[in-house]
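Have a look at structure_23.cif; it's mmCIF, C-alpha atoms and all ligand atoms:
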data_structure
#
loop_
_atom_site.label_atom_id
_atom_site.label_comp_id
_atom_site.auth_asym_id
_atom_site.auth_seq_id
_atom_site.Cartn_x
_atom_site.Cartn_y
_atom_site.Cartn_z
CA MET A 1 96.71 78.47 77.28
CA ASN A 2 98.12 81.91 76.59
CA ASN A 3 96.96 84.40 79.18
CA SER A 4 99.85 86.82 78.92
CA LEU A 5 98.93 90.49 78.63
CA ILE A 6 101.88 91.39 76.39
CA ASP A 7 103.25 88.62 74.23
CA MET A 8 106.25 89.67 72.14
CA ARG A 9 107.24 87.22 69.45
CA ASN A 10 110.47 87.66 67.51
CA VAL A 11 110.20 91.43 67.62
CA SER A 12 112.85 93.34 65.70
CA LEU A 13 113.32 97.02 65.01
CA GLU A 14 115.53 98.79 62.58
CA PHE A 15 115.36 102.25 61.09
CA ALA A 16 115.56 102.58 57.32
CA GLN A 17 117.90 105.61 57.53
CA THR A 18 120.56 103.85 59.58
CA GLU A 19 119.86 100.19 58.79
CA LYS A 20 121.07 99.55 62.31
CA SER A 21 119.35 96.77 64.24
CA ILE A 22 117.95 98.39 67.38
CA LEU A 23 116.02 95.39 68.72
CA LYS A 24 116.74 91.87 67.58
CA ASP A 25 114.37 88.94 67.77
CA ILE A 26 112.88 89.76 71.16
CA SER A 27 110.48 87.12 72.45
CA TYR A 28 109.05 87.71 75.88
CA LYS A 29 105.76 87.37 77.72
CA ILE A 30 104.49 89.77 80.34
CA TYR A 31 101.57 88.81 82.56
CA ALA A 32 98.93 90.96 84.24
CA LYS A 33 100.32 92.75 87.29
CA ASP A 34 103.94 92.04 86.37
CA PHE A 35 106.25 94.90 87.28
CA ILE A 36 109.24 94.55 84.99
CA ILE A 37 112.40 96.57 85.48
CA ILE A 38 114.31 97.05 82.24
CA VAL A 39 118.01 97.84 82.53
CA GLY A 40 120.89 98.08 80.07
CA SER A 41 123.54 100.46 78.80
CA ASN A 42 122.74 103.68 76.94
CA GLY A 43 121.50 102.76 73.49
CA SER A 44 120.72 99.14 74.39
CA GLY A 45 117.12 99.59 73.21
CA LYS A 46 115.12 100.10 76.44
CA SER A 47 113.15 103.15 75.30
CA SER A 48 112.70 101.68 71.83
CA LEU A 49 111.10 98.58 73.33
CA LEU A 50 108.60 100.74 75.22
CA LYS A 51 107.94 102.79 72.09
CA ILE A 52 107.00 99.63 70.20
CA ILE A 53 104.54 98.67 72.92
CA ASN A 54 102.83 102.09 72.82
CA LYS A 55 102.99 102.10 69.00
CA THR A 56 105.20 105.19 68.73
CA PHE A 57 107.54 102.94 66.74
CA LYS A 58 106.40 100.29 64.31
CA MET A 59 108.34 97.08 64.64
CA SER A 60 110.17 95.95 61.50
CA SER A 61 109.25 92.31 62.01
CA GLY A 62 107.65 90.05 64.58
CA THR A 63 104.36 90.19 66.43
CA ILE A 64 103.07 91.64 69.66
CA LEU A 65 99.83 90.33 71.09
CA LEU A 66 98.13 92.63 73.57
CA ASP A 67 95.56 90.69 75.50
CA GLY A 68 95.71 88.02 72.81
CA LYS A 69 95.14 90.40 69.89
CA SER A 70 97.76 91.73 67.50
CA ILE A 71 98.88 95.24 68.41
CA ASN A 72 98.46 96.14 64.71
CA ASP A 73 94.71 95.57 65.06
CA TYR A 74 94.30 98.16 67.82
CA LEU A 75 93.43 101.75 66.99
CA GLN A 76 96.01 104.19 68.33
CA LYS A 77 93.25 105.78 70.40
CA THR A 78 92.55 102.45 72.12
CA ILE A 79 96.25 101.89 72.75
CA ASN A 80 96.58 105.38 74.23
CA ARG A 81 93.96 104.55 76.85
CA MET A 82 95.22 101.06 77.56
CA VAL A 83 98.93 101.89 77.60
CA LYS A 84 100.17 105.11 79.18
CA THR A 85 103.75 106.30 79.17
CA ILE A 86 105.63 108.61 81.50
CA THR A 87 109.13 109.71 80.52
CA GLN A 88 111.62 112.05 82.17
CA ASN A 89 110.46 114.75 79.74
CA CYS A 90 107.27 116.04 81.31
CA HIS A 91 106.59 118.35 78.35
CA GLU A 92 105.59 115.16 76.49
CA SER A 93 102.66 114.80 78.90
CA LEU A 94 101.77 118.35 79.94
CA PHE A 95 100.83 121.59 78.20
CA MET A 96 103.53 123.71 79.74
CA SER A 97 101.96 127.13 79.18
CA LEU A 98 98.63 126.06 80.66
CA SER A 99 97.76 125.88 84.35
CA ILE A 100 97.43 122.70 86.41
CA LEU A 101 93.66 123.12 86.34
CA GLU A 102 93.59 123.63 82.56
CA ASN A 103 95.73 120.52 82.01
CA TYR A 104 93.33 118.56 84.20
CA ILE A 105 90.24 119.87 82.36
CA LEU A 106 91.74 118.92 78.99
CA ILE A 107 92.22 115.34 80.14
CA LYS A 108 88.75 115.16 81.63
CA GLN A 109 87.27 116.43 78.37
CA GLN A 110 88.92 113.60 76.47
CA TYR A 111 87.47 110.96 78.74
CA GLU A 112 84.20 112.60 79.70
CA PRO A 113 82.95 114.80 76.88
CA ASN A 114 79.90 115.77 78.97
CA LEU A 115 82.17 117.58 81.42
CA PHE A 116 80.52 120.92 80.72
CA SER A 117 77.48 119.78 82.63
CA MET A 118 79.69 119.50 85.71
CA SER A 119 80.38 122.26 88.17
CA TYR A 120 83.65 124.11 87.73
CA LYS A 121 83.92 124.65 91.47
CA ALA A 122 83.35 120.95 92.14
CA GLU A 123 86.11 120.09 89.66
CA ARG A 124 88.48 122.53 91.32
CA ASP A 125 87.71 121.14 94.77
CA PHE A 126 88.13 117.57 93.57
CA LEU A 127 91.49 118.34 91.94
CA SER A 128 92.78 120.19 94.98
CA GLU A 129 91.93 117.24 97.23
CA TYR A 130 93.14 114.64 94.70
CA LEU A 131 96.58 116.25 94.31
CA LEU A 132 97.23 116.30 98.05
CA SER A 133 98.46 112.72 98.09
CA PHE A 134 100.80 113.35 95.15
CA ASN A 135 102.39 116.61 96.22
CA ALA A 136 100.58 118.91 98.63
CA LYS A 137 102.14 122.01 97.04
CA LEU A 138 100.35 121.27 93.77
CA SER A 139 97.00 121.75 95.48
CA LEU A 140 97.94 125.35 96.20
CA LYS A 141 99.01 126.10 92.64
CA LEU A 142 96.01 125.09 90.55
CA ASN A 143 96.06 128.30 88.52
CA GLN A 144 99.80 128.44 88.08
CA SER A 145 101.21 127.56 84.68
CA VAL A 146 102.92 124.19 84.65
CA GLU A 147 106.22 125.60 83.38
CA GLN A 148 106.60 127.44 86.69
CA LEU A 149 106.61 124.22 88.71
CA SER A 150 109.77 122.50 89.92
CA GLY A 151 110.89 119.27 88.22
CA GLY A 152 109.63 117.18 91.13
CA GLU A 153 106.25 118.92 91.13
CA LYS A 154 105.91 118.47 87.36
CA GLN A 155 106.63 114.72 87.52
CA ALA A 156 104.23 114.30 90.46
CA LEU A 157 101.61 116.13 88.40
CA VAL A 158 102.21 113.91 85.38
CA LEU A 159 101.76 110.82 87.55
CA ALA A 160 98.62 112.29 89.14
CA LEU A 161 97.04 113.16 85.79
CA THR A 162 98.00 109.78 84.32
CA MET A 163 96.29 108.05 87.22
CA LEU A 164 93.02 109.96 86.88
CA TYR A 165 92.07 107.24 84.40
CA PRO A 166 94.42 104.38 85.28
CA PRO A 167 95.75 102.45 82.28
CA ARG A 168 96.08 98.67 82.20
CA ILE A 169 99.71 99.01 81.20
CA LEU A 170 102.04 101.73 82.47
CA LEU A 171 105.37 102.37 80.74
CA LEU A 172 107.82 104.37 82.82
CA ASP A 173 110.90 105.50 80.93
CA GLU A 174 113.35 106.75 83.57
CA HIS A 175 110.54 108.90 84.93
CA THR A 176 112.46 109.81 88.11
CA SER A 177 115.90 110.28 86.58
CA ALA A 178 115.82 114.09 86.54
CA LEU A 179 114.79 114.36 90.19
CA ASP A 180 116.88 114.75 93.33
CA PRO A 181 117.28 111.48 95.30
CA LYS A 182 114.60 112.33 97.85
CA ALA A 183 112.02 113.41 95.27
CA ALA A 184 112.89 110.39 93.09
CA ASP A 185 112.41 108.03 96.02
CA LYS A 186 109.08 109.61 96.93
CA LEU A 187 107.81 109.36 93.36
CA MET A 188 108.97 105.74 93.03
CA ARG A 189 107.16 104.75 96.22
CA LEU A 190 104.02 106.55 95.09
CA THR A 191 104.25 104.90 91.69
CA LYS A 192 104.53 101.43 93.25
CA GLN A 193 101.58 102.10 95.54
CA LEU A 194 99.37 103.23 92.63
CA VAL A 195 100.45 100.37 90.38
CA GLU A 196 99.44 97.89 93.08
CA GLN A 197 96.25 99.71 94.00
CA HIS A 198 95.01 99.71 90.39
CA ASN A 199 96.38 96.28 89.40
CA ILE A 200 98.46 97.87 86.66
CA THR A 201 101.03 95.97 84.64
CA CYS A 202 104.18 98.05 84.64
CA LEU A 203 107.42 98.24 82.67
CA LEU A 204 110.03 100.61 84.05
CA THR A 205 113.40 101.49 82.56
CA THR A 206 116.12 102.68 84.89
CA HIS A 207 119.86 103.02 85.37
CA ASP A 208 119.39 102.91 89.13
CA LEU A 209 120.26 99.42 90.32
CA LEU A 210 118.99 100.19 93.80
CA ASP A 211 115.55 100.77 92.28
CA ALA A 212 116.01 97.67 90.13
CA LYS A 213 116.63 95.65 93.25
CA HIS A 214 113.95 97.27 95.33
CA TYR A 215 111.06 97.43 92.89
CA GLY A 216 109.40 95.07 90.48
CA ASN A 217 109.11 91.31 90.26
CA ARG A 218 111.63 90.74 87.46
CA ILE A 219 114.61 92.42 85.87
CA LEU A 220 115.02 92.31 82.12
CA ALA A 221 118.53 93.21 81.01
CA LEU A 222 119.02 94.37 77.43
CA ARG A 223 122.34 94.45 75.65
CA ASN A 224 122.69 95.67 72.06
CA GLY A 225 118.99 95.14 71.42
CA VAL A 226 118.71 91.61 72.75
CA ILE A 227 117.57 90.23 76.09
CA HIS A 228 120.74 88.87 77.55
CA HIS A 229 119.50 88.17 81.06
CA THR A 230 116.35 87.99 83.17
CA ILE A 231 116.44 87.89 86.95
CA GLU A 232 113.47 86.79 89.04
CA GLN A 233 112.55 88.58 92.25
CA GLU A 234 113.69 85.79 94.58
CA VAL A 235 117.12 85.75 92.93
CA LYS A 236 117.62 89.50 92.72
CA MET A 237 116.96 89.87 96.44
CA THR A 238 119.93 87.61 97.14
CA LEU A 239 122.35 89.47 94.85
CA THR A 240 124.77 92.11 96.08
CA GLN A 241 124.83 95.39 94.21
CA GLN A 242 128.07 94.31 92.55
CA ALA A 243 126.62 90.95 91.48
CA LEU A 244 123.55 92.70 90.11
CA LEU A 245 125.78 95.06 88.13
CA SER A 246 127.76 92.17 86.67
CA ALA A 247 124.61 90.24 85.81
CA CYS A 248 122.87 93.19 84.14
CA TYR A 249 125.66 94.86 82.15
N1 LIG B 1 114.00 107.67 66.01
C1 LIG B 1 115.18 107.04 65.88
N2 LIG B 1 115.80 106.95 64.68
C2 LIG B 1 116.98 106.29 64.53
N3 LIG B 1 117.63 105.67 65.53
C3 LIG B 1 117.04 105.71 66.75
C4 LIG B 1 115.81 106.39 66.99
N4 LIG B 1 115.48 106.26 68.29
C5 LIG B 1 116.48 105.53 68.85
N5 LIG B 1 117.41 105.21 67.92
C6 LIG B 1 118.62 104.42 68.17
O1 LIG B 1 118.22 103.20 68.77
C7 LIG B 1 119.21 102.76 69.71
C8 LIG B 1 118.53 102.45 71.01
O2 LIG B 1 118.04 103.66 71.56
P1 LIG B 1 117.15 103.70 72.86
O3 LIG B 1 116.74 105.11 73.05
O4 LIG B 1 116.10 102.68 72.75
O5 LIG B 1 118.21 103.24 73.96
P2 LIG B 1 118.07 103.25 75.55
O6 LIG B 1 118.48 101.89 76.01
O7 LIG B 1 116.75 103.75 75.94
O8 LIG B 1 119.21 104.28 75.95
P3 LIG B 1 119.29 105.30 77.19
O9 LIG B 1 119.73 104.51 78.37
O10 LIG B 1 120.34 106.28 76.76
O11 LIG B 1 117.95 105.93 77.36
C9 LIG B 1 120.26 103.86 69.78
O12 LIG B 1 121.35 103.49 68.98
C10 LIG B 1 119.55 105.06 69.18
O13 LIG B 1 120.45 105.91 68.54
MG MG B 2 116.09 105.42 76.97
#

Could you render the structure from this file as structure tokens?
Amino acid sequence: MNNSLIDMRNVSLEFAQTEKSILKDISYKIYAKDFIIIVGSNGSGKSSLLKIINKTFKMSSGTILLDGKSINDYLQKTINRMVKTITQNCHESLFMSLSILENYILIKQQYEPNLFSMSYKAERDFLSEYLLSFNAKLSLKLNQSVEQLSGGEKQALVLALTMLYPPRILLLDEHTSALDPKAADKLMRLTKQLVEQHNITCLLTTHDLLDAKHYGNRILALRNGVIHHTIEQEVKMTLTQQALLSACY
């Protein structure tokens, strides 16, 4: 019986311009509620793997089954609701010149086209209350344009807006890497809490081996586009930082 949520079979990626093999023959199954930490050197293919799963990139060969059905048979619109991605570049997720409230309304309109029948004040009040648990300062800045927020506030906002309609699969591509250690830690803890609360299956790329050790139930180490190591939770907890470094790189 195959009950994996993401089933990658012999997935390869190369770009016609460069003819370089970015991902080579990746076969790997991810199950519902897995939290996979993907590590590997710069250019090892971590982001590319995520971009194949959200259909930004089209694999050159191989198959990916999402919930038992080929990813090629899903409409992009369906994928976009099922699989959400947060990167370190918040401008990929937010309209920078619009306010927090306007960004929120745009998302609500996508999911609930009958929004106009709802009260503007009620929406404002909801958003103000909702954002409190992400970053209390956001609640006070609903009319401020997003570009005026700090990096930490922007990433907290991206996470908050992403979680308004929780996806089944969340792809996090170094989403805390531009933040100071305290803000990064806060966002990681919040992310973990939300992932568990909503039973989300999560893939996270990081260069932070402390996070790799602390979060997730498995580490997937990529090297030159191939999976060269996987480490289960029970094993990773026993490894020193140095041993983890040697195993992953
Ligand atoms: N759109 C593209 N066209 C051509 N080559 C690309 C493209 N995107 C990525 N690559 C190449 O694919 C390889 C893997 O890149 P990728 O961004 O997946 O690595 P990464 O492991 O995420 O690296 P980093 O840790 O720096 O984020 C690199 O050699 C990169 O130059
Ligand atoms: Mg990357």

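Taking only C-alpha atoms and all ligand atoms into account, the protein and nucleic acid residues that come at most 7 Å from ligand LIG 1 (chain B) are A:Phe15, A:Thr18, A:Ile22, A:Gly40, A:Ser41, A:Asn42, A:Gly43, A:Ser44, A:Gly45, A:Lys46, A:Ser47, A:Ser48, A:Leu49.
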
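From CA of Asn54 in chain A back to CA of Asn10 in chain A, the distance works out to 17.2 Å.
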
Give me the residues near range 90-102 of chain A as a PDB file with C-alpha atoms, in the frame of the given file, where near means some atom within 8 Å (using all atoms listed in the file) and where sequence neighbours in that chain fewer than 3 positions away do not count.
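Wrote around-v2.pdb, looks like this:
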ATOM      1  CA  ILE A  86     105.630 108.610  81.500  1.00  0.00           C
ATOM      2  CA  THR A  87     109.130 109.710  80.520  1.00  0.00           C
ATOM      3  CA  ILE A 105      90.240 119.870  82.360  1.00  0.00           C
ATOM      4  CA  LEU A 106      91.740 118.920  78.990  1.00  0.00           C
ATOM      5  CA  ARG A 124      88.480 122.530  91.320  1.00  0.00           C
ATOM      6  CA  LEU A 127      91.490 118.340  91.940  1.00  0.00           C
ATOM      7  CA  LYS A 141      99.010 126.100  92.640  1.00  0.00           C
ATOM      8  CA  LEU A 142      96.010 125.090  90.550  1.00  0.00           C
ATOM      9  CA  ASN A 143      96.060 128.300  88.520  1.00  0.00           C
ATOM     10  CA  GLN A 144      99.800 128.440  88.080  1.00  0.00           C
ATOM     11  CA  SER A 145     101.210 127.560  84.680  1.00  0.00           C
ATOM     12  CA  VAL A 146     102.920 124.190  84.650  1.00  0.00           C
ATOM     13  CA  GLU A 147     106.220 125.600  83.380  1.00  0.00           C
ATOM     14  CA  LYS A 154     105.910 118.470  87.360  1.00  0.00           C
ATOM     15  CA  GLN A 155     106.630 114.720  87.520  1.00  0.00           C
ATOM     16  CA  VAL A 158     102.210 113.910  85.380  1.00  0.00           C
TER      17      VAL A 158
END

Show me, as a short mmCIF file (atom, residue, chain, number, x, y, z; two decimals) with C-alpha atoms, in the frame of the given file, the residues that have an atom within 8 Å of Leu179 in chain A when counting all atoms listed in the file, minus same-chain residues fewer than 4 positions from it.
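The file below, result-v2.cif, is the result:
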data_model
loop_
_atom_site.label_atom_id
_atom_site.label_comp_id
_atom_site.auth_asym_id
_atom_site.auth_seq_id
_atom_site.Cartn_x
_atom_site.Cartn_y
_atom_site.Cartn_z
CA GLY A 151 110.89 119.27 88.22
CA GLY A 152 109.63 117.18 91.13
CA ALA A 183 112.02 113.41 95.27
CA ALA A 184 112.89 110.39 93.09
#

Starting from the point (118.6, 91.0, 71.9), work out which residues of protein, DNA or RNA have an atom no more than 7 Å away when counting only C-alpha atoms; state them as a short mmCIF file (atom, residue, chain, number, x, y, z; two decimals) with C-alpha atoms, keeping the file's coordinate frame.
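Okay, this is what ended up in out_10.cif:
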data_model
loop_
_atom_site.label_atom_id
_atom_site.label_comp_id
_atom_site.auth_asym_id
_atom_site.auth_seq_id
_atom_site.Cartn_x
_atom_site.Cartn_y
_atom_site.Cartn_z
CA LEU A 23 116.02 95.39 68.72
CA LYS A 24 116.74 91.87 67.58
CA ASP A 25 114.37 88.94 67.77
CA ILE A 26 112.88 89.76 71.16
CA LEU A 222 119.02 94.37 77.43
CA ARG A 223 122.34 94.45 75.65
CA ASN A 224 122.69 95.67 72.06
CA GLY A 225 118.99 95.14 71.42
CA VAL A 226 118.71 91.61 72.75
CA ILE A 227 117.57 90.23 76.09
CA HIS A 228 120.74 88.87 77.55
#

Exercise. Write out as an MDAnalysis selection string the residues lying within 6 Å of Ile219 in chain A, counting all atoms listed in the file and excluding same-chain residues fewer than 2 positions away.
Key: chainID A and resid 36:38 230:231

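Distance annotation: of A:Thr162, A:Gln242, A:Ser21, A:Asn217, the residue with the minimal separation from Lys108 in chain A is A:Thr162; atom set is all atoms listed in the file.
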
May I have the residues within 7 Å of Asp34 in chain A as a PDB file with C-alpha atoms, in the frame of the given file, using only C-alpha atoms and disregarding those fewer than 3 positions away in the same chain?
ATOM      1  CA  ILE A  30     104.490  89.770  80.340  1.00  0.00           C
ATOM      2  CA  TYR A  31     101.570  88.810  82.560  1.00  0.00           C
ATOM      3  CA  THR A 201     101.030  95.970  84.640  1.00  0.00           C
ATOM      4  CA  CYS A 202     104.180  98.050  84.640  1.00  0.00           C
ATOM      5  CA  ASN A 217     109.110  91.310  90.260  1.00  0.00           C
TER       6      ASN A 217
END

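The closest residue to ligand MG 2 (chain B), picked from A:Met82, A:Ala160, A:Leu5, A:Val39 and counting only C-alpha atoms and all ligand atoms, is A:Val39.
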
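When all atoms listed in the file are used to compute distances to Thr85 in chain A, the closest of the residues A:Leu132, A:Ile53, A:Met188, A:Arg218 turns out to be A:Ile53.
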
Exercise. Could you tell me which of A:Leu65, A:Val235, A:Leu204, A:Met8 comes closest to ligand MG 2 (chain B) if we count only C-alpha atoms and all ligand atoms?
Key: A:Leu204

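Distance annotation: of A:Lys236, A:Lys182, A:His198, A:Lys77, the residue with the minimal separation from His214 in chain A is A:Lys236; atom set is all atoms listed in the file.
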
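Between ligand MG 2 (chain B) and the residues A:Ile79, A:Leu149, A:Leu245, A:Leu172, the shortest atom-to-atom distance, using all atoms listed in the file, involves A:Leu172.
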
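Separating CA of Asp67 in chain A from CA of Val83 in chain A is a distance of 11.9 Å.
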
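One finds CA of Lys84 in chain A at 14.1 Å from CA of Ile6 in chain A.
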
Self-check item: Residues near Asp7 in chain A, cut-off 8 Å, all atoms listed in the file, skip fewer than 3 positions along chain, as a count of residues only
Solution: 9
